[in-house]
>>> print(open('my_file_39.txt').read())   # compact mmCIF, C-alpha atoms
# COMPACT_ATOMS: atom_id res chain seq x y z
CA MET A 1 163.34 -197.96 215.93
CA GLU A 2 164.57 -201.25 214.48
CA ARG A 3 161.98 -203.39 212.77
CA SER A 4 161.42 -206.88 214.15
CA ILE A 5 162.94 -209.84 212.33
CA PHE A 6 159.45 -211.27 211.90
CA ARG A 7 158.26 -208.13 210.12
CA GLU A 8 161.30 -208.12 207.81
CA TYR A 9 160.72 -211.73 206.84
CA ALA A 10 157.00 -211.08 206.39
CA GLU A 11 157.68 -208.11 204.09
CA ALA A 12 160.25 -210.08 202.08
CA PHE A 13 157.78 -212.97 201.72
CA ILE A 14 154.96 -210.68 200.58
CA ILE A 15 157.21 -208.95 198.04
CA ALA A 16 158.36 -212.34 196.70
CA ILE A 17 154.75 -213.50 196.30
CA ILE A 18 153.79 -210.29 194.50
CA PHE A 19 156.82 -210.59 192.20
CA LEU A 20 156.10 -214.23 191.38
CA ARG A 21 152.42 -213.47 190.75
CA PHE A 22 153.33 -210.52 188.52
CA THR A 23 155.78 -212.71 186.60
CA GLN A 24 153.17 -215.44 186.11
CA ILE A 25 150.48 -213.04 184.95
CA PHE A 26 152.52 -210.83 182.64
CA ILE A 27 155.76 -212.59 181.68
CA LEU A 28 156.00 -216.36 182.22
CA GLN A 29 153.36 -218.95 182.97
CA THR A 30 153.71 -222.68 183.58
CA PHE A 31 151.60 -225.19 181.69
CA PHE A 32 151.51 -228.99 181.50
CA ILE A 33 150.39 -231.30 178.71
CA PRO A 34 147.50 -233.61 179.72
CA SER A 35 146.70 -235.13 176.30
CA GLY A 36 148.36 -236.46 173.15
CA SER A 37 146.95 -233.91 170.69
CA MET A 38 150.37 -232.28 170.15
CA GLU A 39 152.46 -235.46 169.83
CA ASN A 40 155.23 -235.87 168.97
CA THR A 41 156.19 -232.23 169.49
CA LEU A 42 154.77 -232.21 173.03
CA LEU A 43 154.17 -235.37 175.03
CA ILE A 44 151.77 -236.10 177.86
CA GLY A 45 153.58 -235.04 181.04
CA ASP A 46 155.66 -232.26 179.47
CA HIS A 47 155.74 -229.14 181.68
CA LEU A 48 156.30 -225.87 179.83
CA PHE A 49 157.19 -222.27 180.37
CA VAL A 50 154.94 -219.96 178.36
CA ASN A 51 156.07 -216.51 177.19
CA ARG A 52 153.07 -214.32 178.05
CA HIS A 53 154.62 -211.05 176.92
CA ILE A 54 155.65 -211.79 173.34
CA TYR A 55 152.26 -211.01 171.77
CA GLY A 56 151.73 -207.95 173.97
CA ALA A 57 147.95 -207.84 173.78
CA THR A 58 147.76 -204.97 176.27
CA ALA A 59 151.16 -203.40 175.62
CA THR A 60 151.67 -199.70 174.96
CA ASP A 61 153.28 -198.41 171.77
CA LEU A 62 156.49 -197.69 173.73
CA GLU A 63 156.61 -201.27 175.06
CA ARG A 64 156.14 -202.63 171.55
CA ARG A 65 159.09 -200.55 170.32
CA LEU A 66 161.42 -201.42 173.18
CA LEU A 67 160.54 -205.06 173.91
CA PRO A 68 160.62 -208.14 171.64
CA MET A 69 156.91 -208.29 170.83
CA ARG A 70 155.17 -209.45 167.68
CA ASP A 71 151.90 -210.85 166.40
CA VAL A 72 151.12 -214.56 166.32
CA GLU A 73 152.82 -216.12 163.30
CA ARG A 74 152.03 -219.21 161.31
CA GLY A 75 153.82 -222.14 162.98
CA ASP A 76 153.76 -220.72 166.53
CA ILE A 77 152.68 -223.07 169.29
CA VAL A 78 150.25 -220.98 171.30
CA ILE A 79 148.51 -221.30 174.65
CA PHE A 80 144.98 -219.93 174.74
CA ARG A 81 141.72 -220.07 176.62
CA SER A 82 139.32 -222.55 175.08
CA PRO A 83 136.66 -220.80 172.95
CA GLU A 84 134.15 -223.32 174.29
CA ASN A 85 135.21 -223.15 177.96
CA PRO A 86 137.38 -220.10 178.81
CA ASN A 87 138.27 -221.68 182.18
CA ILE A 88 140.44 -224.24 180.36
CA ASP A 89 143.81 -223.49 178.74
CA VAL A 90 144.64 -225.25 175.47
CA VAL A 91 147.82 -225.64 173.41
CA LYS A 92 147.83 -225.94 169.60
CA ARG A 93 149.89 -224.85 166.61
CA CYS A 94 148.77 -221.80 164.62
CA VAL A 95 148.44 -222.85 160.98
CA GLY A 96 146.45 -219.89 159.67
CA VAL A 97 146.74 -216.14 160.32
CA PRO A 98 144.31 -213.39 159.22
CA GLY A 99 143.82 -213.47 155.45
CA ASP A 100 145.00 -217.07 155.00
CA THR A 101 142.74 -219.56 153.26
CA VAL A 102 143.07 -222.95 154.94
CA ASP A 103 142.00 -226.20 153.32
CA VAL A 104 142.42 -229.86 154.27
CA GLN A 105 141.92 -232.50 151.60
CA ALA A 106 142.40 -236.17 152.44
CA LYS A 107 144.49 -235.15 155.48
CA GLN A 108 146.77 -232.88 153.42
CA LEU A 109 146.91 -229.29 154.69
CA TYR A 110 146.87 -226.46 152.15
CA ILE A 111 147.49 -222.79 152.93
CA ASN A 112 146.50 -220.31 150.22
CA GLY A 113 146.33 -223.14 147.70
CA LYS A 114 149.80 -224.54 148.44
CA ALA A 115 150.42 -227.89 150.11
CA VAL A 116 152.14 -227.49 153.48
CA GLN A 117 155.14 -229.75 153.97
CA ASP A 118 154.74 -230.17 157.73
CA ALA A 119 156.16 -233.67 158.07
CA GLY A 120 158.76 -232.28 160.47
CA TYR A 121 156.13 -231.97 163.21
CA ALA A 122 152.67 -233.14 162.04
CA ILE A 123 151.79 -236.82 162.34
CA HIS A 124 148.81 -238.96 161.32
CA SER A 125 148.37 -241.76 163.84
CA ASP A 126 145.11 -243.20 162.46
CA PRO A 127 145.47 -245.48 159.40
CA ILE A 128 141.80 -244.89 158.57
CA SER A 129 140.93 -241.89 156.40
CA TYR A 130 137.55 -240.41 155.53
CA SER A 131 136.20 -239.06 152.28
CA GLU A 132 134.16 -235.87 151.90
CA ASP A 133 130.94 -237.84 152.40
CA GLY A 134 132.27 -239.45 155.58
CA THR A 135 133.00 -242.91 154.14
CA ALA A 136 135.86 -244.64 155.97
CA TYR A 137 138.79 -246.07 154.03
CA LEU A 138 141.70 -248.29 155.01
CA GLY A 139 144.09 -247.75 152.16
CA ASP A 140 141.99 -248.19 149.02
CA GLN A 141 139.42 -250.39 150.76
CA ALA A 142 136.08 -248.79 151.69
CA LEU A 143 134.84 -249.81 155.13
CA SER A 144 131.27 -250.38 156.23
CA PHE A 145 130.83 -247.26 158.35
CA ARG A 146 130.82 -243.50 158.02
CA SER A 147 131.70 -240.67 160.36
CA ASP A 148 130.82 -236.98 160.17
CA GLU A 149 133.57 -236.25 162.69
CA GLY A 150 136.08 -238.13 160.53
CA ARG A 151 134.89 -236.28 157.44
CA VAL A 152 135.56 -232.90 159.10
CA ARG A 153 138.87 -234.10 160.49
CA ASP A 154 140.24 -235.19 157.10
CA ASN A 155 138.41 -232.75 154.79
CA PHE A 156 138.07 -229.21 156.10
CA GLY A 157 137.41 -225.92 154.39
CA PRO A 158 138.39 -224.02 152.48
CA LYS A 159 138.02 -221.36 155.19
CA THR A 160 139.50 -217.86 155.18
CA VAL A 161 140.79 -216.64 158.54
CA PRO A 162 139.12 -213.30 159.45
CA GLU A 163 140.86 -210.34 161.06
CA GLY A 164 141.51 -210.75 164.77
CA HIS A 165 141.41 -214.55 164.58
CA TYR A 166 143.67 -217.56 164.00
CA LEU A 167 143.19 -221.13 162.86
CA CYS A 168 144.91 -223.70 165.08
CA MET A 169 145.47 -227.44 164.79
CA GLY A 170 147.19 -230.09 166.89
CA ASP A 171 150.35 -231.70 165.54
CA ASN A 172 148.76 -235.11 166.10
CA ARG A 173 146.26 -234.33 163.37
CA ASP A 174 144.12 -237.45 163.74
CA LYS A 175 143.79 -237.10 167.54
CA SER A 176 143.24 -233.36 167.98
CA TYR A 177 140.07 -231.43 168.77
CA ASP A 178 140.89 -228.05 167.25
CA SER A 179 139.74 -225.29 164.86
CA ARG A 180 138.40 -227.88 162.44
CA PHE A 181 135.66 -228.55 165.00
CA TRP A 182 135.22 -225.41 167.13
CA GLY A 183 136.13 -222.75 164.57
CA MET A 184 138.49 -219.77 164.53
CA LEU A 185 140.44 -218.70 167.62
CA PRO A 186 139.73 -215.06 168.66
CA ARG A 187 142.89 -213.03 169.31
CA ARG A 188 141.60 -211.97 172.74
CA LEU A 189 141.84 -215.58 174.01
CA VAL A 190 145.56 -215.99 173.22
CA LYS A 191 147.69 -216.09 176.38
CA GLY A 192 151.20 -216.67 175.05
CA ARG A 193 153.68 -218.77 173.12
CA ALA A 194 155.13 -222.08 174.34
CA LEU A 195 158.79 -221.41 175.15
CA PHE A 196 160.59 -224.50 176.45
CA ILE A 197 160.08 -227.70 178.44
CA TYR A 198 161.43 -227.34 181.97
CA TRP A 199 160.40 -230.86 183.09
CA SER A 200 158.98 -233.92 181.35
CA ASN A 201 157.25 -236.55 183.47
CA GLY A 202 157.00 -239.96 181.84
CA GLY A 203 155.06 -241.44 184.75
CA PRO A 204 151.37 -241.11 185.72
CA THR A 205 150.17 -237.58 184.98
CA ASP A 206 147.41 -235.51 186.53
CA ASP A 207 144.59 -234.97 184.04
CA GLY A 208 143.60 -231.69 185.73
CA GLU A 209 140.31 -232.99 187.18
CA TRP A 210 139.76 -232.28 190.89
CA ARG A 211 138.95 -235.49 192.76
CA GLY A 212 139.47 -234.26 196.30
CA LEU A 213 142.42 -233.38 198.51
CA GLY A 214 143.32 -237.00 199.27
CA SER A 215 143.59 -237.88 195.59
CA LYS A 216 145.70 -234.76 194.91
CA LEU A 217 148.09 -235.50 197.78
CA GLY A 218 148.42 -239.11 196.63
CA GLN A 219 149.22 -238.01 193.11
CA LEU A 220 151.85 -235.55 194.37
CA GLY A 221 153.40 -238.28 196.52
CA ARG A 222 153.64 -240.71 193.60
CA THR A 223 155.18 -238.00 191.42
CA ALA A 224 157.79 -237.20 194.07
CA LEU A 225 158.70 -240.86 194.61
CA GLY A 226 159.07 -241.47 190.87
CA PHE A 227 160.74 -238.17 190.03
CA PHE A 228 164.18 -239.52 189.10
CA SER A 229 163.01 -242.73 187.43
CA ASN A 230 160.13 -241.16 185.46
CA THR A 231 161.73 -237.89 184.37
CA ARG A 232 162.52 -237.75 180.64
CA TRP A 233 165.87 -236.07 181.15
CA GLU A 234 166.54 -235.77 177.40
CA ARG A 235 163.56 -233.40 177.09
CA THR A 236 164.60 -231.10 179.94
CA PHE A 237 165.10 -227.48 178.80
CA ARG A 238 164.21 -228.37 175.21
CA LEU A 239 163.11 -225.41 173.12
CA ILE A 240 159.66 -225.83 171.60
CA ARG A 241 159.41 -225.37 167.85
>>> encode(input="my_file_39.txt", output="structure tokens")
Amino acid sequence: MERSIFREYAEAFIIAIIFLRFTQIFILQTFFIPSGSMENTLLIGDHLFVNRHIYGATATDLERRLLPMRDVERGDIVIFRSPENPNIDVVKRCVGVPGDTVDVQAKQLYINGKAVQDAGYAIHSDPISYSEDGTAYLGDQALSFRSDEGRVRDNFGPKTVPEGHYLCMGDNRDKSYDSRFWGMLPRRLVKGRALFIYWSNGGPTDDGEWRGLGSKLGQLGRTALGFFSNTRWERTFRLIR
């Protein structure tokens, strides 16, 4: 007996949903940038595809031999669940892998005793620097206040990364809440590697906070109306490095 057209469409729809869900969970995930902690590599409003399979946390030995999988490497931009709130996904750059000794002195990053020349991606957007006792400086001039947060930001370590962990920092070093403050990233929280930007929205961007259905619909409407004028076309399909 022939199946009804409705049933065929229903089956096709269900299969498509299962396939898309499988792809999102195990292969590719979308992610958007709500803050400036990774500027200028990633901008607020960038929407990314994330390769969820590359690190193969739950892969079999056969999958690791046949598929392009590897461990997290120094320099990778990784997406992970926040160690402080696992319900939130975070993006940072891995600067230290197991066995590395990481040190920051006067904003300069050192790995295993060698200064890292990361000017190609790291920026320092705050002209104020802090000494090891937290004193603030503008150039050579000492200012009248201190900051423990600034001290940790500009003078961190040395810390050795333990097995099964990574040390991550934002590329916007002066505006990033990262491993300098919350510690090492456990391997089990890593979700994948940032792959490429599929859309970059230069207009108003959702910060991820739920403010009700009306607010969400309004935000979606404004995004749709400003799609062509606010899209950063030059960033579309840009590989993330």
>>> residues_around(input="my_file_39.txt", residues="Asp171 in chain A", least_positions_apart="6", cutoff="10 Å", atoms="all atoms listed in the file", output="list in words")
Gly36, Ser37, Met38, Glu39, Asn40, Thr41, Leu42, Ile77, Lys92, Arg93, Asp118, Ala119, Gly120, Tyr121, Ala122, Ile123 and His124 of chain A
>>> closest_residue(input="my_file_39.txt", among="A:Gln117, A:Gln219, A:Asn51, A:Asn155", to="Gln105 in chain A", atoms="all atoms listed in the file")
A:Asn155
>>> atom_distance(input="my_file_39.txt", atom1="CA of Ser82 in chain A", atom2="CA of Leu189 in chain A")
7.5 Å
>>> atom_distance(input="my_file_39.txt", atom1="CA of Asp140 in chain A", atom2="CA of Gln108 in chain A")
16.6 Å
>>> atom_distance(input="my_file_39.txt", atom1="CA of Leu239 in chain A", atom2="CA of Phe227 in chain A")
21.3 Å
